[in-house]
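Notes follow the structure.
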12 protein chains.
Amino acid sequence: MSAHTYKKLEIVGSSATSIEDAINNAVAKAAESVRSIRWVEVLETRCHVEDQKVAYFQVTVKIGFTLD
Amino acid sequence: MSAHTYKKLEIVGSSATSIEDAINNAVAKAAESVRSIRWVEVLETRCHVEDQKVAYFQVTVKIGFTLD
Amino acid sequence: MSAHTYKKLEIVGSSATSIEDAINNAVAKAAESVRSIRWVEVLETRCHVEDQKVAYFQVTVKIGFTLD
Amino acid sequence: MSAHTYKKLEIVGSSATSIEDAINNAVAKAAESVRSIRWVEVLETRCHVEDQKVAYFQVTVKIGFTLD
Amino acid sequence: MSAHTYKKLEIVGSSATSIEDAINNAVAKAAESVRSIRWVEVLETRCHVEDQKVAYFQVTVKIGFTLD
Amino acid sequence: MSAHTYKKLEIVGSSATSIEDAINNAVAKAAESVRSIRWVEVLETRCHVEDQKVAYFQVTVKIGFTLD
Amino acid sequence: MSAHTYKKLEIVGSSATSIEDAINNAVAKAAESVRSIRWVEVLETRCHVEDQKVAYFQVTVKIGFTLD
Amino acid sequence: MSAHTYKKLEIVGSSATSIEDAINNAVAKAAESVRSIRWVEVLETRCHVEDQKVAYFQVTVKIGFTLD
Amino acid sequence: MSAHTYKKLEIVGSSATSIEDAINNAVAKAAESVRSIRWVEVLETRCHVEDQKVAYFQVTVKIGFTLD
Amino acid sequence: MSAHTYKKLEIVGSSATSIEDAINNAVAKAAESVRSIRWVEVLETRCHVEDQKVAYFQVTVKIGFTLD
Amino acid sequence: MSAHTYKKLEIVGSSATSIEDAINNAVAKAAESVRSIRWVEVLETRCHVEDQKVAYFQVTVKIGFTLD
Amino acid sequence: MSAHTYKKLEIVGSSATSIEDAINNAVAKAAESVRSIRWVEVLETRCHVEDQKVAYFQVTVKIGFTLD
């Protein structure tokens with residue numbers, strides 16, 4: 001039984017397509033600088049609107065990764 | 001640098017297909033009566049269930065638009 | 001005009017595909033043991049991450065069904 | 001299966017008698033300007049006090065009605 | 001001094017009359033299947049509206065009862 | 001135009017009859033020691049249960065009164 | 001003792017100067033279309049940043065006014 | 001990669017000794033009726049007081065377990 | 001290293017000028033009856049409106065002071 | 001069946017040892033000035049850090065006691 | 001239409017003068033290590049008190065900046 | 001009187017023994033990369049369960065440290 005320590009980063013991912021894609025983009029971006037990502041917590045979903053339509057979804061997530 | 005004033009409306013959009021589609025429907029409906037929609041905040045997601053299956057997604061959003 | 005009594009169960013559904021699918025899985029699982037499901041409230045969305053990618057979406061829902 | 005769009009208004013109803021009556025007054029007032037009210041969410045209950053007694057109950061509600 | 005264990009159920013009681021009556025109905029329904037109910041926490045009050053009037057109050061409660 | 005200072009006390013009032021009566025009891029008790037009560041904010045409603053019925057309503061309120 | 005009904009609007013006021021000025025701008029804008037404004041509740045404060053400095057404060061408020 | 005479904009129960013554990021012991025007691029009690037407990041979320045900590053001292057800690061937890 | 005005990009009071013300060021001034025007024029009032037004030041937590045900002053303008057800011061604060 | 005009135009005080013207890021000890025210290029301090037303490041609600045746990053180690057735990061509690 | 005990724009940092013800015021100045025100080029400090037700051041969300045306002053007066057305002061903010 | 005700027009990190013510490021130990025572990029880990037840690041805010045307590053027993057406590061904390 002291990003007792004890891006984790007850190008959480010707060011990232012906002014965007015996507016013109018879907019909420020899931022915005023989450024994936026946030027994880028992909030975080031993966032460029034941290035290793036061992038373990039989980040995502042979705043905090044907030046907003047949309048940017050242009051020409052009276054949703055232009056892209058903006059999803060704020062907390063990304064948890066192992067510190068040790 | 002401009003200092004706009006915005007107003008927010010609270011709308012519940014529905015869709016049998018997806019959460020994103022429910023948000024789009026809420027924006028489309030709001031666009032019938034207000035101009036210059038700028039952003040959407042997703043507040044709450046519920047589903048109506050019929051015959052033991054999700055019949056449609058009901059997403060409550062706040063829609064922000066420029067007042068001036 | 002009827003005055004029903006309802007009960008709510010808290011279930012976490014998972015899906016490798018989408019948030020909607022995770023909700024559907026939670027409802028399908030609940031439908032194995034309770035009848036007359038009426039609505040779903042989405043409480044929380046998390047993701048399990050493997051190999052630096054979202055492996056599946058985990059959506060916590062409250063499922064409301066008629067008690068009588 | 002229909003997919004309605006709803007709007008919510010935030011109203012504060014008052015009553016010297018009861019919380020239920022304050023809610024009823026809020027609905028009655030809203031019914032003067034909107035049709036097809038479907039539900040009420042009670043957000044907050046406050047009381048105005050005069051002469052060291054509750055003078056009236058003030059109940060903030062969200063009133064949901066069909067937009068289409 | 002005893003150290004009991006309790007469980008909480010989430011029930012929605014309804015009443016055309018009052019919030020208190022809706023709570024009582026929730027407790028009466030829960031009492032059909034659990035013994036030793038000890039307390040109630042009121043979580044949320046909503047109303048179903050018909051013909052532009054409150055048709056019944058729907059009160060979501062948590063019902064705590066002794067497990068042992 | 002005056003600029004008063006207020007203080008808030010947190011009181012739990014009880015009543016076997018109704019939520020409104022529990023609030024009134026809280027105000028009456030507070031009025032024994034503070035003057036110039038101005039408003040009440042209802043924070044939480046719980047019930048004590050005996051013999052599988054609600055024995056009394058317990059309503060936690062904040063009571064605001066003028067300090068000067 | 002009167003028992004008024006109130007409505008609340010959600011407005012975002014902006015100002016390059018101060019939070020108070022942003023609130024004042026929100027009230028001034030609301031006063032163009034509603035009469036009898038009675039109170040303001042501050043919900044959220046955000047800032048727009050340009051050139052690494054706060055360009056203006058954006059304060060979301062609820063504005064309460066008498067309906068009758 | 002599996003996609004489990006989980007259920008959460010809300011339990012209040014007690015202990016005269018410590019918060020950790022109250023959590024352990026809640027888990028032990030839940031383990032009598034459900035298998036495959038996976039995690040605990042601590043929601044609320046209260047204490048019962050007797051003779052002006054803490055008599056026991058009461059910790060409300062959500063207990064998550066695999067449904068399938 | 002000392003282990004102090006603190007108490008918190010909830011005060012509403014007012015000012016026609018600014019939020020900061022309303023906080024200062026709350027602290028000045030509290031300082032008339034308690035010693036050793038250590039910190040302030042701002043809980044809520046409201047405004048009283050007269051003649052369609054903000055008449056004064058009302059800021060609810062918790063004031064922490066050393067008990068021993 | 002009695003219908004008591006209770007008051008709540010907000011106290012911050014400290015301890016270099018444990019969260020439970022900080023709660024006990026808060027209750028002991030409150031017991032110097034109020035009688036008939038009945039329960040404690042834990043609101044918030046913070047720690048003061050010195051030399052890169054936790055120097056003491058600071059636990060904010062609400063202490064409920066019988067008023068009559 | 002671009003789909004940026006953003007990161008949020010949580011900073012506490014201080015000022016003896018005003019809440020706005022504390023926010024500005026937080027942004028200025030963050031600007032030393034991150035580029036492309038886009039917005040600020042104000043989370044919490046506290047004050048440090050000395051000699052029974054507010055010594056400085058401490059404002060916790062989230063600072064959002066473009067990652068790419 | 002100084003006006004420091006602080007930054008907060010969100011860390012999850014684990015311990016098979018106690019909540020306090022999990023907090024200490026989070027602080028010790030943070031101390032490897034940041035200096036001048038000043039305080040800890042406990043946000044959330046969860047437990048990992050194995051073989052129907054709590055295997056370790058997972059405590060999410062915000063760690064505040066001086067930036068300058």
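Here's how to read the names in the structure tokens: chain A, B, ... by the order shown, residue numbers from 1 in each chain, ligand numbers from 1 in the order shown.
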
Discussion item. Residues near B:Asn24, anyone? I mean within 8 Å using only C-alpha atoms, not counting same-chain ones fewer than 3 positions away, as a ChimeraX atom specification.
Written reply: /A:53-54 /B:13,20-21,27-28

Please identify every residue of chain C that has at least one atom no farther than 8 Å from an atom of chain A, counting only C-alpha atoms, and for each give the shortest atom pair and the distance in Å to one decimal, arranged by chain then increasing number, as CSV.
```
residue,atom,partner,partner_atom,distance
C:Ser18,CA,A:Glu20,CA,6.5
C:Ile19,CA,A:Glu20,CA,7.2
C:Glu44,CA,A:Val42,CA,7.3
C:Thr45,CA,A:Val42,CA,5.4
C:Arg46,CA,A:Glu41,CA,4.5
C:Cys47,CA,A:Val40,CA,4.8
C:His48,CA,A:Trp39,CA,4.8
C:Val49,CA,A:Arg38,CA,5.0
C:Glu50,CA,A:Arg38,CA,6.7
C:Asp51,CA,A:Ser36,CA,7.7
C:Gln52,CA,A:Ile37,CA,5.8
C:Lys53,CA,A:Val27,CA,6.7
C:Val54,CA,A:Asn24,CA,6.6
```

Check chain B with DSSP on the backbone and list each residue it calls strand (DSSP E), as a compact mmCIF listing (two decimals) with all heavy atoms, in the first residue's frame.
```
# COMPACT_ATOMS: atom_id res chain seq x y z
N TYR B 6 -23.19 44.33 -19.03
CA TYR B 6 -23.79 43.10 -19.53
C TYR B 6 -25.00 42.73 -18.67
O TYR B 6 -25.10 43.10 -17.51
CB TYR B 6 -22.78 41.95 -19.49
CG TYR B 6 -21.49 42.25 -20.18
CD1 TYR B 6 -20.41 42.76 -19.46
CD2 TYR B 6 -21.36 42.06 -21.54
CE1 TYR B 6 -19.21 43.06 -20.10
CE2 TYR B 6 -20.16 42.36 -22.18
CZ TYR B 6 -19.10 42.86 -21.46
OH TYR B 6 -17.92 43.16 -22.09
N LYS B 7 -25.88 41.94 -19.24
CA LYS B 7 -27.00 41.37 -18.49
C LYS B 7 -26.94 39.86 -18.67
O LYS B 7 -26.47 39.37 -19.70
CB LYS B 7 -28.33 41.92 -19.03
CG LYS B 7 -29.53 41.54 -18.18
CD LYS B 7 -30.81 42.20 -18.71
CE LYS B 7 -32.03 41.70 -17.97
NZ LYS B 7 -33.27 42.33 -18.53
N LYS B 8 -27.40 39.14 -17.66
CA LYS B 8 -27.44 37.69 -17.76
C LYS B 8 -28.88 37.19 -17.67
O LYS B 8 -29.63 37.64 -16.81
CB LYS B 8 -26.64 37.05 -16.61
CG LYS B 8 -25.15 37.35 -16.60
CD LYS B 8 -24.47 36.48 -15.53
CE LYS B 8 -23.08 36.98 -15.23
NZ LYS B 8 -22.42 36.17 -14.17
N LEU B 9 -29.21 36.26 -18.55
CA LEU B 9 -30.50 35.57 -18.49
C LEU B 9 -30.27 34.12 -18.12
O LEU B 9 -29.27 33.53 -18.50
CB LEU B 9 -31.19 35.61 -19.86
CG LEU B 9 -31.60 36.96 -20.37
CD1 LEU B 9 -32.30 36.81 -21.72
CD2 LEU B 9 -32.53 37.65 -19.38
N GLU B 10 -31.23 33.55 -17.38
CA GLU B 10 -31.10 32.14 -17.02
C GLU B 10 -32.10 31.33 -17.85
O GLU B 10 -33.31 31.53 -17.75
CB GLU B 10 -31.36 31.97 -15.51
CG GLU B 10 -30.98 30.59 -15.02
CD GLU B 10 -30.85 30.53 -13.51
OE1 GLU B 10 -30.71 31.61 -12.87
OE2 GLU B 10 -30.91 29.43 -12.95
N ILE B 11 -31.56 30.43 -18.67
CA ILE B 11 -32.37 29.66 -19.63
C ILE B 11 -32.09 28.17 -19.42
O ILE B 11 -30.98 27.78 -19.08
CB ILE B 11 -31.97 30.04 -21.08
CG1 ILE B 11 -32.07 31.55 -21.31
CG2 ILE B 11 -32.80 29.27 -22.10
CD1 ILE B 11 -33.46 32.08 -21.46
N VAL B 12 -33.10 27.34 -19.62
CA VAL B 12 -32.91 25.90 -19.60
C VAL B 12 -33.14 25.37 -21.01
O VAL B 12 -34.24 25.44 -21.54
CB VAL B 12 -33.91 25.20 -18.63
CG1 VAL B 12 -33.59 23.71 -18.54
CG2 VAL B 12 -33.88 25.85 -17.26
N GLY B 13 -32.07 24.86 -21.62
CA GLY B 13 -32.18 24.27 -22.95
C GLY B 13 -32.30 22.76 -22.84
O GLY B 13 -31.76 22.15 -21.91
N SER B 14 -32.99 22.15 -23.79
CA SER B 14 -33.19 20.69 -23.77
C SER B 14 -32.72 20.08 -25.09
O SER B 14 -32.72 20.74 -26.13
CB SER B 14 -34.68 20.36 -23.60
OG SER B 14 -35.16 20.87 -22.37
N SER B 15 -32.34 18.81 -25.01
CA SER B 15 -31.96 18.07 -26.20
C SER B 15 -32.03 16.59 -25.91
O SER B 15 -31.62 16.13 -24.84
CB SER B 15 -30.54 18.43 -26.65
OG SER B 15 -30.05 17.46 -27.55
N ILE B 37 -25.05 38.40 -27.79
CA ILE B 37 -24.71 37.40 -26.79
C ILE B 37 -23.19 37.21 -26.80
O ILE B 37 -22.58 37.11 -27.86
CB ILE B 37 -25.42 36.05 -27.06
CG1 ILE B 37 -26.94 36.26 -27.01
CG2 ILE B 37 -24.99 34.99 -26.06
CD1 ILE B 37 -27.74 35.03 -27.34
N ARG B 38 -22.62 37.18 -25.60
CA ARG B 38 -21.16 37.09 -25.52
C ARG B 38 -20.65 35.79 -24.89
O ARG B 38 -19.61 35.28 -25.27
CB ARG B 38 -20.62 38.28 -24.72
CG ARG B 38 -20.90 39.63 -25.37
CD ARG B 38 -20.07 39.78 -26.63
NE ARG B 38 -18.66 39.69 -26.32
CZ ARG B 38 -17.90 40.69 -25.90
NH1 ARG B 38 -18.43 41.90 -25.80
NH2 ARG B 38 -16.65 40.51 -25.60
N TRP B 39 -21.34 35.28 -23.88
CA TRP B 39 -20.82 34.06 -23.25
C TRP B 39 -21.96 33.29 -22.58
O TRP B 39 -23.06 33.80 -22.41
CB TRP B 39 -19.73 34.39 -22.23
CG TRP B 39 -20.21 34.85 -20.91
CD1 TRP B 39 -20.48 34.10 -19.80
CD2 TRP B 39 -20.51 36.20 -20.52
NE1 TRP B 39 -20.90 34.89 -18.77
CE2 TRP B 39 -20.93 36.17 -19.18
CE3 TRP B 39 -20.46 37.44 -21.18
CZ2 TRP B 39 -21.30 37.33 -18.48
CZ3 TRP B 39 -20.84 38.58 -20.50
CH2 TRP B 39 -21.25 38.51 -19.17
N VAL B 40 -21.66 32.04 -22.23
CA VAL B 40 -22.60 31.15 -21.56
C VAL B 40 -21.89 30.56 -20.34
O VAL B 40 -20.72 30.18 -20.43
CB VAL B 40 -23.03 30.01 -22.50
CG1 VAL B 40 -23.89 29.00 -21.76
CG2 VAL B 40 -23.78 30.56 -23.70
N GLU B 41 -22.60 30.50 -19.22
CA GLU B 41 -22.10 29.79 -18.05
C GLU B 41 -23.05 28.62 -17.78
O GLU B 41 -24.24 28.82 -17.62
CB GLU B 41 -22.08 30.69 -16.80
CG GLU B 41 -21.31 31.99 -16.99
CD GLU B 41 -21.60 33.00 -15.86
OE1 GLU B 41 -21.97 32.57 -14.74
OE2 GLU B 41 -21.49 34.20 -16.11
N VAL B 42 -22.51 27.41 -17.73
CA VAL B 42 -23.35 26.23 -17.48
C VAL B 42 -23.52 26.08 -15.97
O VAL B 42 -22.53 25.97 -15.23
CB VAL B 42 -22.72 24.96 -18.08
CG1 VAL B 42 -23.57 23.74 -17.74
CG2 VAL B 42 -22.58 25.12 -19.58
N LEU B 43 -24.76 26.08 -15.51
CA LEU B 43 -25.02 26.03 -14.08
C LEU B 43 -25.39 24.64 -13.57
O LEU B 43 -25.03 24.25 -12.48
CB LEU B 43 -26.19 26.96 -13.72
CG LEU B 43 -26.04 28.45 -13.98
CD1 LEU B 43 -27.22 29.19 -13.39
CD2 LEU B 43 -24.76 28.97 -13.38
N GLU B 44 -26.17 23.94 -14.35
CA GLU B 44 -26.76 22.71 -13.82
C GLU B 44 -27.16 21.81 -14.99
O GLU B 44 -27.67 22.29 -15.99
CB GLU B 44 -28.01 23.09 -13.02
CG GLU B 44 -28.62 21.99 -12.22
CD GLU B 44 -29.90 22.48 -11.51
OE1 GLU B 44 -30.65 23.30 -12.08
OE2 GLU B 44 -30.13 22.01 -10.40
N THR B 45 -26.93 20.50 -14.84
CA THR B 45 -27.37 19.55 -15.86
C THR B 45 -28.28 18.52 -15.21
O THR B 45 -27.92 17.90 -14.21
CB THR B 45 -26.16 18.85 -16.51
OG1 THR B 45 -25.31 19.84 -17.08
CG2 THR B 45 -26.59 17.88 -17.58
N ARG B 46 -29.48 18.39 -15.74
CA ARG B 46 -30.44 17.39 -15.30
C ARG B 46 -30.90 16.60 -16.52
O ARG B 46 -30.70 17.04 -17.66
CB ARG B 46 -31.66 18.06 -14.65
CG ARG B 46 -31.34 18.85 -13.41
CD ARG B 46 -32.53 19.68 -12.95
NE ARG B 46 -33.57 18.88 -12.35
CZ ARG B 46 -33.77 18.75 -11.05
NH1 ARG B 46 -32.98 19.38 -10.19
NH2 ARG B 46 -34.74 18.00 -10.57
N CYS B 47 -31.51 15.45 -16.29
CA CYS B 47 -32.08 14.68 -17.40
C CYS B 47 -33.51 14.30 -17.03
O CYS B 47 -33.79 13.93 -15.89
CB CYS B 47 -31.31 13.40 -17.66
SG CYS B 47 -29.54 13.58 -17.75
N HIS B 48 -34.35 14.34 -18.03
CA HIS B 48 -35.69 13.79 -17.90
C HIS B 48 -35.63 12.33 -18.34
O HIS B 48 -35.03 12.02 -19.37
CB HIS B 48 -36.67 14.59 -18.77
CG HIS B 48 -38.07 14.12 -18.65
ND1 HIS B 48 -38.87 14.42 -17.58
CD2 HIS B 48 -38.82 13.32 -19.46
CE1 HIS B 48 -40.06 13.85 -17.72
NE2 HIS B 48 -40.05 13.18 -18.87
N VAL B 49 -36.22 11.42 -17.54
CA VAL B 49 -36.14 9.99 -17.83
C VAL B 49 -37.53 9.46 -18.17
O VAL B 49 -38.51 9.77 -17.47
CB VAL B 49 -35.56 9.23 -16.62
CG1 VAL B 49 -35.56 7.72 -16.87
CG2 VAL B 49 -34.14 9.70 -16.32
N GLU B 50 -37.60 8.71 -19.24
CA GLU B 50 -38.84 8.03 -19.62
C GLU B 50 -38.50 6.58 -19.98
O GLU B 50 -37.47 6.34 -20.61
CB GLU B 50 -39.49 8.72 -20.83
CG GLU B 50 -40.03 10.10 -20.48
CD GLU B 50 -40.64 10.81 -21.69
OE1 GLU B 50 -40.58 10.24 -22.79
OE2 GLU B 50 -41.14 11.93 -21.51
N LYS B 53 -34.96 5.27 -19.47
CA LYS B 53 -33.83 5.79 -20.26
C LYS B 53 -33.88 7.33 -20.23
O LYS B 53 -34.94 7.92 -20.07
CB LYS B 53 -33.94 5.33 -21.72
CG LYS B 53 -33.66 3.87 -21.95
CD LYS B 53 -33.56 3.60 -23.46
CE LYS B 53 -33.60 2.10 -23.75
NZ LYS B 53 -32.79 1.26 -22.85
N VAL B 54 -32.71 7.93 -20.43
CA VAL B 54 -32.67 9.40 -20.54
C VAL B 54 -33.43 9.81 -21.79
O VAL B 54 -33.07 9.41 -22.91
CB VAL B 54 -31.21 9.90 -20.61
CG1 VAL B 54 -31.18 11.38 -20.96
CG2 VAL B 54 -30.49 9.64 -19.29
N ALA B 55 -34.47 10.59 -21.60
CA ALA B 55 -35.26 11.06 -22.75
C ALA B 55 -34.68 12.35 -23.31
O ALA B 55 -34.60 12.54 -24.52
CB ALA B 55 -36.71 11.27 -22.34
N TYR B 56 -34.30 13.28 -22.44
CA TYR B 56 -33.55 14.46 -22.92
C TYR B 56 -32.77 15.10 -21.78
O TYR B 56 -33.10 14.95 -20.62
CB TYR B 56 -34.44 15.49 -23.62
CG TYR B 56 -35.73 15.84 -22.97
CD1 TYR B 56 -35.80 16.90 -22.08
CD2 TYR B 56 -36.90 15.16 -23.27
CE1 TYR B 56 -37.00 17.25 -21.49
CE2 TYR B 56 -38.11 15.49 -22.69
CZ TYR B 56 -38.15 16.54 -21.81
OH TYR B 56 -39.34 16.87 -21.23
N PHE B 57 -31.71 15.75 -22.18
CA PHE B 57 -30.84 16.49 -21.27
C PHE B 57 -31.40 17.91 -21.10
O PHE B 57 -31.81 18.52 -22.08
CB PHE B 57 -29.42 16.55 -21.83
CG PHE B 57 -28.81 15.19 -21.99
CD1 PHE B 57 -28.90 14.51 -23.19
CD2 PHE B 57 -28.15 14.59 -20.93
CE1 PHE B 57 -28.35 13.25 -23.33
CE2 PHE B 57 -27.59 13.33 -21.07
CZ PHE B 57 -27.70 12.65 -22.27
N GLN B 58 -31.42 18.37 -19.85
CA GLN B 58 -31.89 19.72 -19.56
C GLN B 58 -30.76 20.49 -18.91
O GLN B 58 -30.38 20.19 -17.78
CB GLN B 58 -33.09 19.67 -18.62
CG GLN B 58 -34.29 18.93 -19.18
CD GLN B 58 -35.34 18.66 -18.12
OE1 GLN B 58 -35.04 18.15 -17.04
NE2 GLN B 58 -36.58 18.98 -18.42
N VAL B 59 -30.24 21.47 -19.61
CA VAL B 59 -29.06 22.19 -19.12
C VAL B 59 -29.45 23.63 -18.80
O VAL B 59 -29.91 24.37 -19.68
CB VAL B 59 -27.92 22.14 -20.16
CG1 VAL B 59 -26.67 22.80 -19.59
CG2 VAL B 59 -27.62 20.69 -20.53
N THR B 60 -29.26 24.01 -17.54
CA THR B 60 -29.52 25.39 -17.14
C THR B 60 -28.27 26.22 -17.37
O THR B 60 -27.20 25.87 -16.88
CB THR B 60 -29.90 25.46 -15.65
OG1 THR B 60 -31.04 24.64 -15.43
CG2 THR B 60 -30.22 26.87 -15.23
N VAL B 61 -28.42 27.30 -18.11
CA VAL B 61 -27.28 28.17 -18.42
C VAL B 61 -27.61 29.62 -18.09
O VAL B 61 -28.77 30.02 -18.07
CB VAL B 61 -26.88 28.09 -19.91
CG1 VAL B 61 -26.44 26.68 -20.27
CG2 VAL B 61 -28.02 28.54 -20.81
N LYS B 62 -26.57 30.37 -17.80
CA LYS B 62 -26.70 31.83 -17.77
C LYS B 62 -26.10 32.34 -19.06
O LYS B 62 -24.99 31.96 -19.44
CB LYS B 62 -25.98 32.41 -16.57
CG LYS B 62 -26.77 32.23 -15.29
CD LYS B 62 -26.33 33.19 -14.21
CE LYS B 62 -27.18 32.96 -12.96
NZ LYS B 62 -26.49 33.45 -11.75
N ILE B 63 -26.83 33.22 -19.72
CA ILE B 63 -26.41 33.76 -21.00
C ILE B 63 -26.11 35.24 -20.82
O ILE B 63 -26.98 36.01 -20.41
CB ILE B 63 -27.51 33.53 -22.06
CG1 ILE B 63 -27.59 32.03 -22.37
CG2 ILE B 63 -27.26 34.36 -23.31
CD1 ILE B 63 -28.60 31.65 -23.41
N GLY B 64 -24.85 35.62 -21.10
CA GLY B 64 -24.43 37.01 -20.91
C GLY B 64 -24.42 37.76 -22.23
O GLY B 64 -23.86 37.26 -23.20
N PHE B 65 -25.01 38.93 -22.24
CA PHE B 65 -25.02 39.72 -23.48
C PHE B 65 -24.79 41.19 -23.16
O PHE B 65 -25.08 41.67 -22.06
CB PHE B 65 -26.33 39.52 -24.26
CG PHE B 65 -27.56 39.90 -23.51
CD1 PHE B 65 -28.16 41.14 -23.70
CD2 PHE B 65 -28.13 39.03 -22.59
CE1 PHE B 65 -29.30 41.49 -23.00
CE2 PHE B 65 -29.28 39.37 -21.89
CZ PHE B 65 -29.85 40.61 -22.10
N THR B 66 -24.27 41.91 -24.14
CA THR B 66 -23.98 43.33 -23.96
C THR B 66 -25.27 44.13 -23.89
O THR B 66 -26.16 43.94 -24.72
CB THR B 66 -23.13 43.83 -25.16
OG1 THR B 66 -22.06 42.93 -25.34
CG2 THR B 66 -22.59 45.22 -24.88
```
